[in-house]
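Reading through the structure tokens given below for one structure.
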Amino acid sequence: MSAHPFSIGELDCVVLQEGGSFIDRDSVAALFPDVARADIEAALGDGEPSGSLNLLLIHSGGGRILVDVGFGEAGPPGMGGALRGLDELGIAPGDIDIIFITHFHADHIAGLCDKAGAPVYANARYITTQAEWEAWMTTWEASSAAEDQALLAQFRSLEDHFTLVSPGDEIAPGVSVVDLAGHTPGQAGLLLESAGQRLLLMVDLLLQAFQFTHLDWHLVFDMDGAAAAETRKRVLAECADEQLLTLFYHLGFPGLGTIARDGEGFAFTPVG
């Protein structure tokens with residue numbers, strides 16, 4: 001089982017690997033169309049591209065919080081590991097109390113419903129930011145694409161189960177919302193704090209390790225590339241200066257590590 005248990009003070013946590021690396025060098029180059037292929041190759045060096053999907057399960061105040069849901073049944077081969085991991089932990093989808101959705105890209109939300117369209121986490125309430133909800137509802141409503149209309153219908157059907165929050169709000173004891181906007185209009189991470197220990201969930205602040213040194217390289221999926229770069233610089237600096245433990249959604253499993261300043265960029269040291 002690809003599950004990594006750890007704790008932040010009295011908060012018991014598990015990183016669940018939804019899927020392992022499924023990205024090659026050509027795919028990485030396509031993610032950064034404004035960067036020359038030779039520069040991408042030099043930045044990768046002899047290393048493998050990052051491509052894990054690392055979901056976080058948190059036990060807080062007696063409740064279970066799952067942060068994002070991965071692809072579930074809707075993903076490419078090798079996905080669906082979060083559900084398998086929960087099962088091996090003895091946790092049924094119906095045992096999840098809160099689903100916190102960091103942002104609405106497919107690899108974070110596709111697993112909300114099964115192939116029949118029924119909610120997978122039937123007893124959970126969903127939480128996301130007001131900015132993220134409004135941005136995607138507006139986009140989908142204005143679109144005539146069948147896929148967008150299907151997503152609009154799915155989320156409207158779940159709307160009564162959603163709570164919309166803002167950065168700074170606490171969603172459970174010791175778990176508060178952090179602004180990471182740029183990648184999407186309302187992308188948000190979570191700050192976990194307990195017994196003097198802290199973890200910042202960084203989500204898609206970056207997708208490849210070379211972005212720690214190439215801070216201005218932004219993804220084709222960054223909806224506001226300039227804002228994403230500024231958020232990346234600001235948040236990495238805060239994590240380095242405050243010596244925060246961090247968790248990234250797409251870095252090598254389990255995605256946990258510490259950040260230090262390194263010249264004009266930063267260095268990431270995996271832990272776990």
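The chains in the structure tokens are called A, B, ... from first to last as shown; in each chain the residues are counted from 1, and the ligands are counted from 1 in the order shown.
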Residue contacts of Ile171 (chain A) (10 Å, only C-alpha atoms) excluding same-chain residues fewer than 3 positions away, as a ChimeraX atom specification: /A:60,65,98,100,127-128,163,165,168,174-177,190
Who sits within 10 Å of Pro93 (chain A), only C-alpha atoms, same chain under 6 positions skipped, as a PyMOL selection string: chain A and resi 66+83+86-87+119-124
Distance criterion (only C-alpha atoms): nearest to Pro173 (chain A) out of A:His4, A:His59, A:Arg125, A:Arg25: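 Smallest separation from Pro173 (chain A) among the options: A:His59.
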Which region 21-101 of chain A residues have any atom within 12 Å of an atom of region 181-188 of chain A, and for each, what is the nearest pair of atoms with distance in Å to one decimal, counting only C-alpha atoms, rows sorted by chain and number, as JSON lines?
```
{"residue": "A:Val67", "atom": "CA", "partner": "A:Ala188", "partner_atom": "CA", "distance": 10.7}
{"residue": "A:Asp68", "atom": "CA", "partner": "A:Ala188", "partner_atom": "CA", "distance": 11.1}
{"residue": "A:Phe100", "atom": "CA", "partner": "A:Ala188", "partner_atom": "CA", "distance": 9.6}
{"residue": "A:Ile101", "atom": "CA", "partner": "A:Ala188", "partner_atom": "CA", "distance": 8.3}
```
Residues as selected, N, CA, C and O atoms, written as an mmCIF file, in the first residue's frame, can you do that?
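As written to disk, out05.cif reads:
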```cif
data_model
loop_
_atom_site.group_PDB
_atom_site.id
_atom_site.type_symbol
_atom_site.label_atom_id
_atom_site.label_comp_id
_atom_site.auth_asym_id
_atom_site.auth_seq_id
_atom_site.Cartn_x
_atom_site.Cartn_y
_atom_site.Cartn_z
ATOM 1 N N VAL A 67 -8.263 15.557 1.641
ATOM 2 C CA VAL A 67 -7.966 16.749 0.846
ATOM 3 C C VAL A 67 -7.806 16.330 -0.608
ATOM 4 O O VAL A 67 -6.863 15.631 -0.974
ATOM 5 N N ASP A 68 -8.774 16.744 -1.436
ATOM 6 C CA ASP A 68 -8.892 16.342 -2.830
ATOM 7 C C ASP A 68 -9.201 14.853 -2.927
ATOM 8 O O ASP A 68 -9.073 14.100 -1.947
ATOM 9 N N PHE A 100 -12.109 18.436 1.410
ATOM 10 C CA PHE A 100 -11.657 19.791 1.090
ATOM 11 C C PHE A 100 -11.083 19.765 -0.317
ATOM 12 O O PHE A 100 -10.157 19.001 -0.606
ATOM 13 N N ILE A 101 -11.643 20.580 -1.199
ATOM 14 C CA ILE A 101 -11.186 20.640 -2.592
ATOM 15 C C ILE A 101 -10.314 21.871 -2.752
ATOM 16 O O ILE A 101 -10.780 23.005 -2.616
#
```
Polymer residues at most 8 Å from Val271 (chain A), only C-alpha atoms, same-chain spacing of 6 or more positions, as JSON, numbers by chain: {"A": [256, 257, 258]}
Pick from A:Val220, A:Ala38, A:Leu207, A:Ala146, whichever lies nearest to Ser52 (chain A) using only C-alpha atoms: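 Ranking A:Val220, A:Ala38, A:Leu207, A:Ala146 by distance to Ser52 (chain A), first place goes to A:Leu207.
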Point-to-point distance from CA of Leu191 (chain A) to CA of Ser50 (chain A), Å rounded to tenths: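 CA of Ser50 (chain A) lies 23.2 Å from CA of Leu191 (chain A).
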Region 13-99 of chain A: residues DSSP assigns to strand (DSSP E or B), reported as an NGL selection string: :A and (13-19 or 53-60 or 63-67 or 98-99)
Could the residues in this selection be written to a file with N, CA, C and O atoms, as an mmCIF file, in the first residue's frame?
```cif
data_model
loop_
_atom_site.group_PDB
_atom_site.id
_atom_site.type_symbol
_atom_site.label_atom_id
_atom_site.label_comp_id
_atom_site.auth_asym_id
_atom_site.auth_seq_id
_atom_site.Cartn_x
_atom_site.Cartn_y
_atom_site.Cartn_z
ATOM 1 N N CYS A 13 -2.128 11.975 10.439
ATOM 2 C CA CYS A 13 -2.238 12.195 9.003
ATOM 3 C C CYS A 13 -1.729 10.984 8.233
ATOM 4 O O CYS A 13 -0.913 10.209 8.732
ATOM 5 N N VAL A 14 -2.198 10.842 7.005
ATOM 6 C CA VAL A 14 -1.695 9.829 6.090
ATOM 7 C C VAL A 14 -1.637 10.448 4.701
ATOM 8 O O VAL A 14 -2.608 11.065 4.251
ATOM 9 N N VAL A 15 -0.498 10.294 4.018
ATOM 10 C CA VAL A 15 -0.430 10.637 2.602
ATOM 11 C C VAL A 15 -0.802 9.389 1.820
ATOM 12 O O VAL A 15 -0.206 8.318 2.014
ATOM 13 N N LEU A 16 -1.797 9.507 0.955
ATOM 14 C CA LEU A 16 -2.246 8.413 0.104
ATOM 15 C C LEU A 16 -1.803 8.690 -1.325
ATOM 16 O O LEU A 16 -2.060 9.775 -1.848
ATOM 17 N N GLN A 17 -1.167 7.711 -1.942
ATOM 18 C CA GLN A 17 -0.737 7.915 -3.322
ATOM 19 C C GLN A 17 -1.840 7.474 -4.276
ATOM 20 O O GLN A 17 -2.117 6.291 -4.441
ATOM 21 N N GLU A 18 -2.472 8.441 -4.894
ATOM 22 C CA GLU A 18 -3.514 8.165 -5.877
ATOM 23 C C GLU A 18 -2.945 7.425 -7.082
ATOM 24 O O GLU A 18 -3.577 6.541 -7.649
ATOM 25 N N GLY A 19 -1.744 7.806 -7.476
ATOM 26 C CA GLY A 19 -1.070 7.139 -8.591
ATOM 27 C C GLY A 19 0.381 7.560 -8.624
ATOM 28 O O GLY A 19 0.745 8.635 -8.136
ATOM 29 N N LEU A 53 0.649 11.637 -7.444
ATOM 30 C CA LEU A 53 -0.514 12.348 -6.923
ATOM 31 C C LEU A 53 -0.646 11.976 -5.450
ATOM 32 O O LEU A 53 -0.949 10.823 -5.122
ATOM 33 N N ASN A 54 -0.391 12.946 -4.578
ATOM 34 C CA ASN A 54 -0.307 12.692 -3.142
ATOM 35 C C ASN A 54 -1.476 13.357 -2.423
ATOM 36 O O ASN A 54 -1.518 14.575 -2.275
ATOM 37 N N LEU A 55 -2.432 12.557 -1.996
ATOM 38 C CA LEU A 55 -3.598 13.057 -1.281
ATOM 39 C C LEU A 55 -3.349 12.986 0.220
ATOM 40 O O LEU A 55 -2.646 12.091 0.689
ATOM 41 N N LEU A 56 -3.948 13.908 0.955
ATOM 42 C CA LEU A 56 -3.746 13.968 2.400
ATOM 43 C C LEU A 56 -5.030 13.628 3.132
ATOM 44 O O LEU A 56 -6.092 14.197 2.857
ATOM 45 N N LEU A 57 -4.913 12.695 4.075
ATOM 46 C CA LEU A 57 -5.993 12.354 4.987
ATOM 47 C C LEU A 57 -5.625 12.878 6.369
ATOM 48 O O LEU A 57 -4.523 12.628 6.857
ATOM 49 N N ILE A 58 -6.545 13.617 6.992
ATOM 50 C CA ILE A 58 -6.294 14.242 8.288
ATOM 51 C C ILE A 58 -7.369 13.799 9.273
ATOM 52 O O ILE A 58 -8.565 13.799 8.950
ATOM 53 N N HIS A 59 -6.946 13.429 10.471
ATOM 54 C CA HIS A 59 -7.877 13.166 11.573
ATOM 55 C C HIS A 59 -7.795 14.373 12.505
ATOM 56 O O HIS A 59 -6.776 14.591 13.154
ATOM 57 N N SER A 60 -8.873 15.141 12.589
ATOM 58 C CA SER A 60 -8.889 16.349 13.406
ATOM 59 C C SER A 60 -10.192 16.440 14.165
ATOM 60 O O SER A 60 -11.275 16.370 13.565
ATOM 61 N N GLY A 63 -12.935 13.967 13.501
ATOM 62 C CA GLY A 63 -13.431 13.838 12.137
ATOM 63 C C GLY A 63 -12.326 13.517 11.156
ATOM 64 O O GLY A 63 -11.146 13.750 11.418
ATOM 65 N N ARG A 64 -12.714 12.967 10.017
ATOM 66 C CA ARG A 64 -11.772 12.620 8.959
ATOM 67 C C ARG A 64 -11.930 13.592 7.798
ATOM 68 O O ARG A 64 -13.034 13.765 7.262
ATOM 69 N N ILE A 65 -10.821 14.195 7.410
ATOM 70 C CA ILE A 65 -10.795 15.140 6.293
ATOM 71 C C ILE A 65 -9.939 14.543 5.190
ATOM 72 O O ILE A 65 -8.782 14.179 5.413
ATOM 73 N N LEU A 66 -10.479 14.435 3.988
ATOM 74 C CA LEU A 66 -9.705 14.031 2.820
ATOM 75 C C LEU A 66 -9.515 15.257 1.950
ATOM 76 O O LEU A 66 -10.492 15.928 1.584
ATOM 77 N N VAL A 67 -8.263 15.557 1.641
ATOM 78 C CA VAL A 67 -7.966 16.749 0.846
ATOM 79 C C VAL A 67 -7.806 16.330 -0.608
ATOM 80 O O VAL A 67 -6.863 15.631 -0.974
ATOM 81 N N ILE A 98 -15.302 15.231 5.814
ATOM 82 C CA ILE A 98 -15.103 16.457 5.035
ATOM 83 C C ILE A 98 -14.219 16.145 3.836
ATOM 84 O O ILE A 98 -13.190 15.471 3.967
ATOM 85 N N ILE A 99 -14.623 16.620 2.680
ATOM 86 C CA ILE A 99 -13.758 16.659 1.499
ATOM 87 C C ILE A 99 -13.385 18.120 1.277
ATOM 88 O O ILE A 99 -14.261 18.952 1.016
#
```
From A:Ala172, A:Ala42, A:Gln154, A:Asp95, residue lying nearest Glu193 (chain A) [only C-alpha atoms]: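 Under the stated criterion, the closest residue is A:Ala172.
Reported to one decimal place, the separation of CA of Ala3 (chain A) from CA of Pro49 (chain A) is 20.9 Å.
DSSP annotation of region 136-202 of chain A from backbone atoms: alpha helix (DSSP H) residues are Trp136, Met137, Thr138, Thr139, Trp140, Glu141, Ala142, Ala146, Glu147, Asp148, Gln149, Ala150, Leu151, Leu152, Ala153, Gln154, Phe155, Arg156, Ser157 and Leu158 of chain A.
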7 Å contact set for Ala240 (chain A), only C-alpha atoms, chain neighbours under 5 positions out, as a CSV table (one decimal) with all heavy atoms, in the first residue's frame:
```csv
chain,number,residue,atom,x,y,z
A,259,ILE,N,12.1,23.3,3.1
A,259,ILE,CA,12.5,24.2,2.1
A,259,ILE,C,13.5,25.2,2.7
A,259,ILE,O,13.4,25.6,3.8
A,259,ILE,CB,11.3,25.0,1.5
A,259,ILE,CG1,10.4,24.1,0.7
A,259,ILE,CG2,11.8,26.1,0.6
A,259,ILE,CD1,9.1,24.7,0.4
A,260,ALA,N,14.6,25.4,2.0
A,260,ALA,CA,15.6,26.4,2.4
A,260,ALA,C,15.9,27.3,1.2
A,260,ALA,O,15.8,27.0,0.1
A,260,ALA,CB,16.9,25.6,2.8
A,261,ARG,N,16.3,28.5,1.6
A,261,ARG,CA,16.8,29.4,0.5
A,261,ARG,C,18.1,28.9,-0.1
A,261,ARG,O,19.0,28.4,0.6
A,261,ARG,CB,17.0,30.8,1.1
A,261,ARG,CG,15.7,31.5,1.5
A,261,ARG,CD,15.9,32.9,2.1
A,261,ARG,NE,14.7,33.6,2.4
A,261,ARG,CZ,14.0,34.4,1.6
A,261,ARG,NH1,14.4,34.5,0.4
A,261,ARG,NH2,12.9,34.9,2.1
```
CA of Phe32 (chain A) to CA of His218 (chain A), straight-line distance in Å: 6.5 Å
